[in-house]
Structure formats: structure tokens, C-alpha cells
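Asks: My file is coords19.tsv. It has TSV, C-alpha atoms and all ligand atoms:
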chain	number	residue	atom	x	y	z
A	1	LEU	CA	-34.55	-23.27	-5.05
A	2	GLN	CA	-32.08	-23.67	-7.96
A	3	ALA	CA	-33.06	-27.33	-8.59
A	4	ARG	CA	-36.80	-26.57	-8.39
A	5	ALA	CA	-36.24	-23.51	-10.55
A	6	HIS	CA	-34.82	-25.64	-13.32
A	7	GLU	CA	-37.64	-28.19	-13.10
A	8	CYS	CA	-40.37	-25.55	-13.28
A	9	ARG	CA	-38.73	-23.25	-15.80
A	10	HIS	CA	-41.38	-23.74	-18.48
A	11	GLN	CA	-44.26	-22.88	-16.16
A	12	PRO	CA	-45.48	-19.27	-15.98
A	13	ALA	CA	-44.13	-17.01	-13.24
A	14	THR	CA	-47.33	-16.73	-11.20
A	15	THR	CA	-47.32	-15.58	-7.58
A	16	THR	CA	-49.00	-17.70	-4.89
A	17	ASP	CA	-52.02	-15.37	-5.14
A	18	GLY	CA	-52.37	-15.68	-8.90
A	19	HIS	CA	-50.55	-12.66	-10.37
A	20	THR	CA	-48.49	-13.51	-13.47
A	21	VAL	CA	-45.37	-11.65	-14.56
A	22	GLU	CA	-43.71	-12.32	-17.91
A	23	VAL	CA	-40.08	-13.35	-17.59
A	24	CYS	CA	-38.12	-12.81	-20.78
A	25	ALA	CA	-34.47	-12.98	-21.77
A	26	ASN	CA	-31.97	-10.27	-22.66
A	27	LEU	CA	-29.97	-11.25	-25.71
A	28	GLY	CA	-26.91	-9.77	-27.35
A	29	ASN	CA	-27.00	-12.22	-30.24
A	30	THR	CA	-29.92	-13.86	-32.07
A	31	ALA	CA	-27.97	-17.15	-32.17
A	32	HIS	CA	-28.65	-17.45	-28.43
A	33	THR	CA	-32.46	-17.46	-28.84
A	34	PRO	CA	-32.91	-21.27	-28.71
A	35	ASP	CA	-30.94	-21.36	-25.46
A	36	ALA	CA	-33.19	-18.67	-23.95
A	37	VAL	CA	-36.31	-20.63	-24.92
A	38	ALA	CA	-34.81	-23.82	-23.44
A	39	ARG	CA	-34.28	-21.95	-20.18
A	40	GLY	CA	-37.98	-21.09	-20.04
A	41	ALA	CA	-38.02	-17.51	-21.33
A	42	ASP	CA	-41.50	-16.25	-22.20
A	43	GLY	CA	-39.93	-14.23	-25.02
A	44	VAL	CA	-37.00	-11.95	-25.72
A	45	GLY	CA	-37.44	-8.77	-23.67
A	46	LEU	CA	-34.36	-6.98	-24.94
A	47	LEU	CA	-32.49	-7.76	-28.12
A	48	ARG	CA	-29.39	-5.58	-28.09
A	49	THR	CA	-29.14	-5.19	-31.86
A	50	GLU	CA	-25.73	-3.50	-31.70
A	51	PHE	CA	-24.05	-6.88	-32.18
A	52	ILE	CA	-25.14	-6.99	-35.84
A	53	PHE	CA	-23.70	-3.54	-36.42
A	54	MET	CA	-20.47	-4.27	-34.59
A	55	ALA	CA	-19.85	-7.54	-36.43
A	56	HIS	CA	-19.57	-5.85	-39.83
A	57	PRO	CA	-17.03	-3.45	-41.32
A	58	GLU	CA	-19.89	-1.27	-42.55
A	59	ALA	CA	-23.56	-0.79	-41.69
A	60	PRO	CA	-25.29	-4.16	-42.31
A	61	ASP	CA	-27.69	-4.07	-45.25
A	62	LEU	CA	-31.35	-5.02	-45.22
A	63	GLU	CA	-30.83	-8.71	-46.16
A	64	THR	CA	-28.15	-9.25	-43.52
A	65	GLN	CA	-30.39	-7.85	-40.83
A	66	VAL	CA	-33.52	-9.71	-42.00
A	67	HIS	CA	-31.56	-12.95	-41.83
A	68	GLU	CA	-30.48	-12.25	-38.22
A	69	TYR	CA	-33.92	-11.25	-36.96
A	70	ARG	CA	-35.57	-14.23	-38.71
A	71	GLN	CA	-33.37	-16.58	-36.70
A	72	ALA	CA	-34.75	-15.12	-33.49
A	73	PHE	CA	-38.38	-15.27	-34.62
A	74	ALA	CA	-37.99	-18.87	-35.79
A	75	ALA	CA	-36.63	-20.00	-32.41
A	76	LEU	CA	-39.27	-18.03	-30.48
A	77	ASP	CA	-42.15	-19.96	-32.05
A	78	GLY	CA	-44.76	-17.25	-31.51
A	79	ARG	CA	-43.30	-15.73	-28.34
A	80	PRO	CA	-42.75	-11.95	-28.53
A	81	LEU	CA	-39.47	-10.31	-29.51
A	82	VAL	CA	-38.63	-6.88	-28.09
A	83	ALA	CA	-35.94	-5.39	-30.29
A	84	ARG	CA	-34.11	-2.28	-29.26
A	85	THR	CA	-33.01	-0.16	-32.18
A	86	LEU	CA	-29.30	0.49	-32.56
A	87	ASP	CA	-27.85	1.92	-29.35
A	88	VAL	CA	-24.33	3.16	-30.01
A	89	GLY	CA	-22.32	6.22	-29.08
A	90	GLY	CA	-21.28	6.81	-25.47
A	91	ASP	CA	-19.19	3.75	-24.62
A	92	LYS	CA	-20.03	1.88	-27.84
A	93	PRO	CA	-18.26	3.30	-30.92
A	94	LEU	CA	-18.65	2.04	-34.51
A	95	ASP	CA	-15.67	2.26	-36.87
A	96	TYR	CA	-17.74	3.21	-39.91
A	97	TRP	CA	-19.72	5.86	-38.07
A	98	PRO	CA	-17.12	8.31	-36.82
A	99	LEU	CA	-18.43	10.60	-34.13
A	100	PRO	CA	-17.12	14.01	-33.21
A	101	ARG	CA	-14.88	13.96	-30.16
A	102	GLU	CA	-16.98	14.89	-27.15
A	103	ASP	CA	-15.94	15.82	-23.63
A	104	ASN	CA	-18.87	13.87	-22.21
A	105	PRO	CA	-19.89	11.11	-24.62
A	106	PHE	CA	-22.41	9.72	-22.11
A	107	LEU	CA	-24.15	13.08	-22.35
A	108	GLY	CA	-23.63	13.43	-26.07
A	109	MET	CA	-24.57	11.78	-29.34
A	110	ARG	CA	-25.77	8.35	-28.35
A	111	GLY	CA	-28.86	6.15	-28.52
A	112	ILE	CA	-31.86	7.60	-30.31
A	113	ARG	CA	-30.17	11.00	-30.76
A	114	LEU	CA	-27.53	9.39	-32.90
A	115	SER	CA	-30.04	7.29	-34.83
A	116	LEU	CA	-32.15	10.35	-35.60
A	117	SER	CA	-29.05	11.98	-37.10
A	118	ARG	CA	-28.91	9.11	-39.63
A	119	PRO	CA	-32.56	8.24	-40.26
A	120	ASP	CA	-31.56	6.11	-43.27
A	121	ILE	CA	-29.81	3.61	-40.98
A	122	LEU	CA	-32.74	3.53	-38.55
A	123	GLU	CA	-35.20	3.12	-41.40
A	124	THR	CA	-33.30	0.13	-42.83
A	125	GLN	CA	-33.23	-1.49	-39.40
A	126	VAL	CA	-36.97	-1.00	-38.89
A	127	GLN	CA	-37.65	-2.32	-42.38
A	128	ALA	CA	-35.59	-5.43	-41.59
A	129	LEU	CA	-37.41	-6.00	-38.30
A	130	LEU	CA	-40.85	-5.66	-39.89
A	131	THR	CA	-39.90	-7.87	-42.83
A	132	ALA	CA	-38.57	-10.58	-40.52
A	133	ALA	CA	-41.60	-10.39	-38.20
A	134	GLY	CA	-44.40	-11.04	-40.70
A	135	ASP	CA	-47.25	-12.24	-38.49
A	136	ARG	CA	-45.11	-12.84	-35.38
A	137	PRO	CA	-45.30	-10.48	-32.36
A	138	LEU	CA	-42.72	-7.71	-32.69
A	139	ARG	CA	-42.07	-4.96	-30.17
A	140	ILE	CA	-39.70	-2.17	-31.18
A	141	MET	CA	-38.24	0.19	-28.60
A	142	PHE	CA	-35.94	3.18	-28.79
A	143	PRO	CA	-32.99	3.70	-26.42
A	144	MET	CA	-32.11	6.83	-24.44
A	145	VAL	CA	-35.27	8.77	-25.26
A	146	LYS	CA	-35.59	11.92	-23.14
A	147	ASP	CA	-39.05	13.16	-24.10
A	148	VAL	CA	-42.05	12.73	-26.36
A	149	ALA	CA	-40.55	14.78	-29.22
A	150	GLU	CA	-37.76	12.23	-29.70
A	151	PHE	CA	-40.25	9.38	-29.47
A	152	ARG	CA	-42.50	10.95	-32.10
A	153	ALA	CA	-39.60	11.49	-34.49
A	154	ALA	CA	-38.54	7.86	-34.15
A	155	ARG	CA	-42.06	6.50	-34.32
A	156	ALA	CA	-42.72	8.47	-37.51
A	157	ILE	CA	-40.02	6.36	-39.16
A	158	VAL	CA	-41.74	3.16	-38.04
A	159	ASP	CA	-45.09	4.45	-39.30
A	160	ARG	CA	-43.55	5.26	-42.68
A	161	VAL	CA	-42.02	1.81	-43.03
A	162	GLN	CA	-45.19	0.12	-41.84
A	163	ALA	CA	-47.14	1.64	-44.72
A	164	ASP	CA	-45.01	-0.49	-47.09
A	165	VAL	CA	-44.29	-3.50	-44.88
A	166	PRO	CA	-47.46	-4.36	-42.97
A	167	VAL	CA	-47.15	-6.55	-39.88
A	168	ALA	CA	-49.82	-8.32	-37.85
A	169	ASP	CA	-48.68	-7.61	-34.30
A	170	LEU	CA	-46.47	-4.60	-33.70
A	171	GLN	CA	-46.03	-2.45	-30.61
A	172	VAL	CA	-43.74	0.56	-30.44
A	173	GLY	CA	-42.34	1.56	-27.08
A	174	VAL	CA	-39.74	3.51	-25.29
A	175	MET	CA	-36.88	2.62	-22.99
A	176	VAL	CA	-36.85	4.53	-19.74
A	177	GLU	CA	-33.15	5.21	-19.20
A	178	VAL	CA	-33.06	8.97	-18.83
A	179	PRO	CA	-34.70	10.38	-15.67
A	180	SER	CA	-36.69	12.93	-17.72
A	181	CYS	CA	-38.44	10.05	-19.47
A	182	ALA	CA	-39.72	8.70	-16.13
A	183	LEU	CA	-40.59	12.17	-14.85
A	184	LEU	CA	-42.58	12.77	-18.04
A	185	ALA	CA	-44.07	9.29	-18.28
A	186	GLN	CA	-47.57	10.79	-18.07
A	187	SER	CA	-47.00	12.67	-21.33
A	188	LEU	CA	-45.40	9.68	-23.05
A	189	ALA	CA	-47.90	7.05	-21.94
A	190	PRO	CA	-50.75	8.05	-24.29
A	191	GLU	CA	-48.40	7.80	-27.28
A	192	VAL	CA	-46.34	4.69	-26.56
A	193	ASP	CA	-47.51	1.09	-26.56
A	194	PHE	CA	-45.20	0.09	-23.70
A	195	PHE	CA	-42.28	1.14	-21.51
A	196	SER	CA	-39.16	-0.88	-20.77
A	197	ILE	CA	-37.05	0.46	-17.94
A	198	GLY	CA	-33.31	0.23	-18.53
A	199	THR	CA	-32.15	0.43	-14.95
A	200	ASN	CA	-28.45	0.34	-15.88
A	201	ASP	CA	-28.54	3.71	-17.57
A	202	LEU	CA	-31.43	5.03	-15.46
A	203	THR	CA	-29.36	4.43	-12.32
A	204	GLN	CA	-26.25	5.95	-13.87
A	205	TYR	CA	-28.08	9.13	-14.86
A	206	THR	CA	-30.12	9.43	-11.67
A	207	LEU	CA	-27.21	8.98	-9.27
A	208	ALA	CA	-24.59	10.64	-11.52
A	209	ILE	CA	-22.31	7.60	-11.26
A	210	ASP	CA	-20.67	6.17	-14.37
A	211	ARG	CA	-21.96	2.57	-14.55
A	212	GLY	CA	-18.47	1.35	-15.48
A	213	HIS	CA	-16.56	3.48	-12.97
A	214	GLY	CA	-13.63	1.62	-11.44
A	215	THR	CA	-14.39	2.39	-7.81
A	216	LEU	CA	-17.84	4.01	-7.72
A	217	SER	CA	-19.91	1.63	-9.85
A	218	ALA	CA	-20.77	-0.58	-6.83
A	219	GLU	CA	-22.74	2.40	-5.55
A	220	ALA	CA	-24.74	2.60	-8.76
A	221	ASP	CA	-27.43	0.39	-7.21
A	222	GLY	CA	-30.82	0.25	-8.93
A	223	LEU	CA	-32.46	-0.42	-5.56
A	224	HIS	CA	-31.70	3.19	-4.62
A	225	PRO	CA	-35.01	4.75	-3.53
A	226	ALA	CA	-34.48	7.58	-6.04
A	227	VAL	CA	-34.47	5.04	-8.87
A	228	LEU	CA	-37.39	3.12	-7.36
A	229	ARG	CA	-39.44	6.31	-7.29
A	230	LEU	CA	-38.81	6.82	-10.99
A	231	ILE	CA	-39.88	3.22	-11.62
A	232	ARG	CA	-43.07	3.81	-9.64
A	233	MET	CA	-43.84	6.98	-11.62
A	234	THR	CA	-43.40	5.08	-14.86
A	235	VAL	CA	-45.63	2.19	-13.78
A	236	GLU	CA	-48.38	4.54	-12.55
A	237	ALA	CA	-48.41	6.53	-15.78
A	238	ALA	CA	-48.34	3.38	-17.88
A	239	HIS	CA	-51.16	1.67	-16.04
A	240	ASP	CA	-53.26	4.85	-16.03
A	241	HIS	CA	-53.17	4.53	-19.82
A	242	GLY	CA	-53.47	0.75	-20.06
A	243	ARG	CA	-49.84	0.24	-21.14
A	244	TRP	CA	-47.46	-2.45	-19.89
A	245	VAL	CA	-44.08	-1.89	-18.26
A	246	GLY	CA	-41.01	-4.09	-18.29
A	247	VAL	CA	-37.65	-3.81	-16.60
A	248	CYS	CA	-34.74	-4.94	-18.76
A	249	GLY	CA	-31.75	-3.60	-16.80
A	250	GLU	CA	-29.59	-5.82	-14.60
A	251	LEU	CA	-31.78	-5.03	-11.59
A	252	ALA	CA	-34.40	-7.44	-12.93
A	253	SER	CA	-31.89	-10.32	-12.66
A	254	ASP	CA	-31.22	-9.57	-8.97
A	255	PRO	CA	-33.29	-11.95	-6.77
A	256	GLN	CA	-33.35	-9.34	-3.98
A	257	ALA	CA	-34.90	-6.77	-6.32
A	258	VAL	CA	-37.52	-9.08	-7.87
A	259	PRO	CA	-40.15	-8.70	-5.07
A	260	VAL	CA	-39.73	-4.92	-5.14
A	261	LEU	CA	-40.20	-4.71	-8.90
A	262	VAL	CA	-43.21	-7.03	-8.80
A	263	GLY	CA	-44.60	-5.04	-5.86
A	264	LEU	CA	-44.20	-1.81	-7.83
A	265	GLY	CA	-46.44	-3.33	-10.51
A	266	VAL	CA	-43.90	-4.13	-13.21
A	267	ASP	CA	-45.53	-6.48	-15.75
A	268	GLU	CA	-42.46	-8.03	-17.34
A	269	LEU	CA	-38.90	-8.72	-16.25
A	270	SER	CA	-36.26	-9.28	-18.88
A	271	VAL	CA	-33.17	-10.89	-17.44
A	272	THR	CA	-29.88	-12.51	-18.34
A	273	SER	CA	-30.81	-15.80	-20.00
A	274	ARG	CA	-29.26	-18.06	-17.38
A	275	ARG	CA	-31.24	-16.28	-14.63
A	276	VAL	CA	-34.66	-16.94	-16.21
A	277	PRO	CA	-35.39	-20.11	-14.16
A	278	LEU	CA	-34.32	-18.47	-10.88
A	279	VAL	CA	-36.29	-15.26	-11.43
A	280	LYS	CA	-39.39	-17.27	-12.35
A	281	ALA	CA	-38.95	-19.35	-9.19
A	282	CYS	CA	-38.58	-16.20	-7.04
A	283	ILE	CA	-41.89	-14.90	-8.41
A	284	ARG	CA	-43.65	-18.22	-7.80
A	285	ASN	CA	-42.52	-18.00	-4.17
A	286	LEU	CA	-43.98	-14.52	-3.71
A	287	ASP	CA	-47.38	-13.26	-2.85
A	288	LEU	CA	-48.34	-9.95	-4.36
A	289	ALA	CA	-49.54	-8.40	-1.09
A	290	THR	CA	-46.14	-8.99	0.55
A	291	ALA	CA	-44.30	-7.76	-2.53
A	292	ARG	CA	-46.38	-4.57	-2.50
A	293	ARG	CA	-45.59	-4.05	1.17
A	294	GLN	CA	-41.87	-4.49	0.52
A	295	ALA	CA	-41.99	-2.07	-2.40
A	296	HIS	CA	-43.89	0.48	-0.33
A	297	ARG	CA	-41.34	0.23	2.47
A	298	ALA	CA	-38.40	0.48	0.06
A	299	LEU	CA	-39.83	3.71	-1.36
A	300	SER	CA	-39.90	5.24	2.11
A	301	LEU	CA	-36.19	4.63	2.80
A	302	ALA	CA	-33.31	6.96	2.05
A	303	THR	CA	-30.44	4.91	0.62
A	304	ALA	CA	-29.87	1.74	-1.38
A	305	ALA	CA	-28.10	0.17	1.62
A	306	GLU	CA	-31.19	0.77	3.77
A	307	VAL	CA	-33.37	-0.86	1.13
A	308	ARG	CA	-31.12	-3.92	0.91
A	309	ASP	CA	-30.96	-4.21	4.71
A	310	ALA	CA	-34.73	-4.02	4.98
A	311	LEU	CA	-35.18	-6.70	2.30
A	312	GLU	CA	-32.62	-8.90	4.03
A	313	ALA	CA	-34.50	-8.56	7.33
A	314	GLY	CA	-37.72	-9.58	5.50
B	1	LIG	C1	-30.00	-0.37	-19.50
B	1	LIG	O1	-29.44	0.72	-19.65
B	1	LIG	O2	-30.48	-0.76	-18.42
B	1	LIG	C2	-30.11	-1.31	-20.64
B	1	LIG	C3	-30.83	-2.41	-20.55
B	1	LIG	O3	-29.39	-1.00	-21.77
B	1	LIG	P1	-27.81	-1.29	-21.89
B	1	LIG	O4	-27.38	-2.03	-20.66
B	1	LIG	O5	-27.63	-2.06	-23.13
B	1	LIG	O6	-27.27	0.11	-21.97
B	2	MG	MG	-28.95	1.40	-21.67
Starting from the file, lay out its structure as C-alpha cells.
Replies:
Amino acid sequence: LQARAHECRHQPATTTDGHTVEVCANLGNTAHTPDAVARGADGVGLLRTEFIFMAHPEAPDLETQVHEYRQAFAALDGRPLVARTLDVGGDKPLDYWPLPREDNPFLGMRGIRLSLSRPDILETQVQALLTAAGDRPLRIMFPMVKDVAEFRAARAIVDRVQADVPVADLQVGVMVEVPSCALLAQSLAPEVDFFSIGTNDLTQYTLAIDRGHGTLSAEADGLHPAVLRLIRMTVEAAHDHGRWVGVCGELASDPQAVPVLVGLGVDELSVTSRRVPLVKACIRNLDLATARRQAHRALSLATAAEVRDALEAG
């Protein structure tokens, strides 16, 4: 499969019965965009913009950020770029943005909560993204959103910037990383343009297992039926409102999980760059009816181990 995967990497990921899923790349640095395109990525599905903020001794200014984002757009040649706004706090500190000491930083000031406490920094980032995009397809998403109020506050900043920096093709979405966001997907769906499910954090918060825990993290498996149910809720709400759903957590790069995610109706998978050819090949080997059956069965099971055993058995 690996050899065929490489050969066919530039073809779309279409199942044997004609259902196409976008396969994009997760990037932690815009300099890696040409490599992602060479591996067959249909776009960038998650740009972790933290790298720009971590590489500088102070918050990067507008020009610095525009330069970075332009590099990505140039290499993408019309393919979409999904940029996540700055996601720090929790396990990702910034020297120039001292945070109060917290007993539970994973449950504290991180992600969009932190950004909304410094709207000037978020506004500069959005301005840079819009300036760099011009007429190219830009998708902006916010990390760690828990409900529609946070989304509205963040989106208001984008709307403000957009009045001064018009762009041709912009969508504004939300990452589903907090269980409340999946549980409330029906209230978010009418207001967002898309959802992107961050299964790393969604699994951590659903199963109450630190994703980096020394001994427990192996149990933080995104194929846990509890996580799969949240994914299903998100997809149903999104599709009810004509919105698309991606998965950008590590689960999307797991060949065993791919049929389940496709069967649940996920429209886009964003994976580690080097996995793009393999994930596309997995999808081309699938038929949607079987994938739906596997997803349906996985939802009925009780543990992640049961789901993996069932998938193994076929
Ligand atoms: C996630 O939580 O699944 C995700 C994609 O974000 P990160 O891994 O950067 O926290
Ligand atoms: Mg995350």
C-alpha cells in the first residue's frame, strides 16, 4: 500500500463508491508548506501558528506575520489554508506573555480564553492573515472554544478587521476540543462556517486523561466510543446546517481510525504531512457503505479496546 500510496498521492481521496474526502496537512511551520504539497496534500488543514509567536522574543508584529503567512499561500497555489489563531497557555507558555500561576493550567487561561484577554494580539494576527490571503482561500479557526459566546466574541474581531481588509474567500470556524462544544454543536452550527475536531484535546477532556501523562496517555485513545459519539454529534449538527467538518487531531493520521471517521461523515482529514499519501490510499481502498457500518458498530461498543478489536477483526 505504501508504494501505491506514494504513486497516487496527487489524486483525490475518493472511495470506491465515489465519495471524496479532502486530505490536508497539519503544519507547525509555514516553511514546510511546499513539502506538504509535494506529498499530495489538498491544502493545509491546521496551521499551528504558535511557532511564529514562540520564535520571537516579543509578540511578532503585523509585517512579520504577513511574511510568514504569505509563504504558505504562495506554496499552496490556490489550495485552502486553515489557520488556527494563537493557541498558548496550558502546556505552551510564552516568555513575553506572563500568565498567573494556576493550579490547573489545562483548565485555565489557554486557547481562545487567553486570546480574548488580549484582543489587540488576536486582532493583529487576523489582520496579518487577511492581508496575506488577498484572493486566496483562507479559513480561520479558534482553539478551545467552549460555547457560542466565545465564538461570537472572537468572530466579532474578524468581522471588524474584515471591514478594513476585504478578502475574497474567507470562512470562520471553530475547533471542537472541549466536550461542551460538541454537545452544543447544534447551537454553534448556524453561526460557524465549519468545524474542525481537535481529537487530541477532545480526548483529553472527555476521558479526563492528560494527553502527555507519563503512564496514562496510551489510554487517551480517540477511538473511545465516548469521543466517537461527540464526533457524530458534531457531524450531524454541521450537516443539518450545511457546514463541513474536519478532524485535525492525531486520530486522523491513524489508518485504523480513517474508516470510522469517514463512516461518521467527516468531510476533511488533516494529518501529519508524511501520512498524507497513506491516508489518501486508505480512503481510496474504502467503500462508504462499509465505513458507515464500521462507524455504526464502533459507536455501539463500550471501550476503545473493543473498538480497535472490532476494526482489527474487520
Ligand atoms: C488537538 O487538540 O487535537 C489539536 C489539533 O490541537 P493541538 O494538538 O495543537 O493542541
Ligand atoms: Mg488542541
Asks: Given all atoms listed in the file as the basis, pick out the residue of A:Cys8, A:Leu264, A:Cys248, A:Ala74 nearest to ligand LIG 1 (chain B).
Replies: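 Using all atoms listed in the file, ligand LIG 1 (chain B) sits closest to A:Cys248.
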Asks: Let me make sure I understand: among A:Ser300, A:Ser273, A:Thr33, A:Thr234, which one has the smallest atom-to-atom distance to Gln186 in chain A if we use all atoms listed in the file?
Replies: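 Of A:Ser300, A:Ser273, A:Thr33, A:Thr234, the one nearest Gln186 in chain A, counting all atoms listed in the file, is A:Thr234.
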Asks: Between A:Ile121, A:Ala153, A:Leu1, A:Ala220, which has the minimum distance to Thr303 in chain A (counting only C-alpha atoms)?
Replies: A:Ala220
Asks: Would you compute the distance between CA of Cys282 in chain A and CA of Val227 in chain A? Give it in Å to one decimal.
Replies: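 About the pair CA of Cys282 in chain A and CA of Val227 in chain A: they are 21.7 Å apart.
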Asks: Could you list, as a list in words, all residues that come within 9 Å of ligand MG 2 (chain B)? Count only C-alpha atoms and all ligand atoms.
Replies: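 Checking only C-alpha atoms and all ligand atoms against ligand MG 2 (chain B) at 9 Å gives Asp87, Gly111, Pro143, Met144, Met175, Val176, Glu177, Ile197, Gly198, Thr199, Asn200, Asp201, Leu202 and Gly249 of chain A.
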Asks: Which residues are near Thr49 in chain A? Cut-off 12 Å, only C-alpha atoms, ignore same chain within fewer than 3 positions. Put them as a ChimeraX atom specification.
Replies: /A:26-30,46,52-55,60,65-66,68-69,72,81-88,111,122,125-126,128-129,140-143
Asks: Filtering to C-alpha atoms, could you give me those residues as a compact mmCIF listing (two decimals), in the coordinates of the input?
Replies:
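Everything below was put into out23.txt:
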# COMPACT_ATOMS: atom_id res chain seq x y z
CA ASN A 26 -31.97 -10.27 -22.66
CA LEU A 27 -29.97 -11.25 -25.71
CA GLY A 28 -26.91 -9.77 -27.35
CA ASN A 29 -27.00 -12.22 -30.24
CA THR A 30 -29.92 -13.86 -32.07
CA LEU A 46 -34.36 -6.98 -24.94
CA ILE A 52 -25.14 -6.99 -35.84
CA PHE A 53 -23.70 -3.54 -36.42
CA MET A 54 -20.47 -4.27 -34.59
CA ALA A 55 -19.85 -7.54 -36.43
CA PRO A 60 -25.29 -4.16 -42.31
CA GLN A 65 -30.39 -7.85 -40.83
CA VAL A 66 -33.52 -9.71 -42.00
CA GLU A 68 -30.48 -12.25 -38.22
CA TYR A 69 -33.92 -11.25 -36.96
CA ALA A 72 -34.75 -15.12 -33.49
CA LEU A 81 -39.47 -10.31 -29.51
CA VAL A 82 -38.63 -6.88 -28.09
CA ALA A 83 -35.94 -5.39 -30.29
CA ARG A 84 -34.11 -2.28 -29.26
CA THR A 85 -33.01 -0.16 -32.18
CA LEU A 86 -29.30 0.49 -32.56
CA ASP A 87 -27.85 1.92 -29.35
CA VAL A 88 -24.33 3.16 -30.01
CA GLY A 111 -28.86 6.15 -28.52
CA LEU A 122 -32.74 3.53 -38.55
CA GLN A 125 -33.23 -1.49 -39.40
CA VAL A 126 -36.97 -1.00 -38.89
CA ALA A 128 -35.59 -5.43 -41.59
CA LEU A 129 -37.41 -6.00 -38.30
CA ILE A 140 -39.70 -2.17 -31.18
CA MET A 141 -38.24 0.19 -28.60
CA PHE A 142 -35.94 3.18 -28.79
CA PRO A 143 -32.99 3.70 -26.42
Asks: Using only C-alpha atoms and all ligand atoms, can you tell me which of A:Leu311, A:Val44, A:Leu251, A:Ala302 comes closest to ligand LIG 1 (chain B)?
Replies: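 Using only C-alpha atoms and all ligand atoms, the shortest distance to ligand LIG 1 (chain B) belongs to A:Leu251.
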Asks: Which polymer residues have any atom within 9 Å of an atom of Val276 in chain A, counting all atoms listed in the file, with same-chain residues fewer than 2 positions away left out, as a list in words?
Replies: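 Returned residues: Ala5, Arg9, Val23, Cys24, Ala25, Ala36, Arg39, Gly40, Ala41, Ser253, Ser270, Val271, Thr272, Ser273, Arg274, Leu278, Val279, Lys280 and Ala281 of chain A.
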Asks: Excluding Gly78 in chain A and residues on its chain fewer than 6 positions from it, collect all residues at most 12 Å away from it, counting all atoms listed in the file, and give them as a ChimeraX atom specification.
Replies: /A:37,42-44,72,133-138,169
Asks: Please determine, counting all atoms listed in the file, which residue among A:Arg48, A:His224, A:His19, A:Arg160 has the shortest atom-to-atom distance to Ala257 in chain A.
Replies: A:His224
Asks: Point out the residue among A:Met109, A:Ala313, A:Val192, A:Ile209 with the least atom-to-atom distance to His239 in chain A, counting all atoms listed in the file.
Replies: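 For His239 in chain A, the nearest of the given residues is A:Val192.
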Asks: In Å, how far is it from CA of Gly173 in chain A to CA of Arg243 in chain A?
Replies: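 Those two atoms sit 9.7 Å apart.
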Asks: Report, in Å with one decimal, the straight-line distance from CA of Asp309 in chain A to CA of Val260 in chain A.
Replies: 13.2 Å
Asks: Find the spatial neighbours of Leu288 in chain A, counting all atoms listed in the file, within a cut-off of 7 Å - ignore same-chain residues fewer than 6 positions away - and output them as a compact mmCIF listing (two decimals) with C-alpha atoms, keeping the file's coordinate frame.
Replies:
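File written: part-v7.txt
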# COMPACT_ATOMS: atom_id res chain seq x y z
CA THR A 15 -47.32 -15.58 -7.58
CA ASP A 17 -52.02 -15.37 -5.14
CA HIS A 19 -50.55 -12.66 -10.37
CA GLY A 263 -44.60 -5.04 -5.86
Asks: Neighbourhood query: residues within 10 Å of (-46.9, -4.1, -44.8), file coordinates, counting all atoms listed in the file; return as a list in words.
Replies: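 Residues close enough to count: Gln127, Leu130, Thr131, Gly134, Val161, Gln162, Ala163, Asp164, Val165, Pro166, Val167 and Ala168 of chain A.
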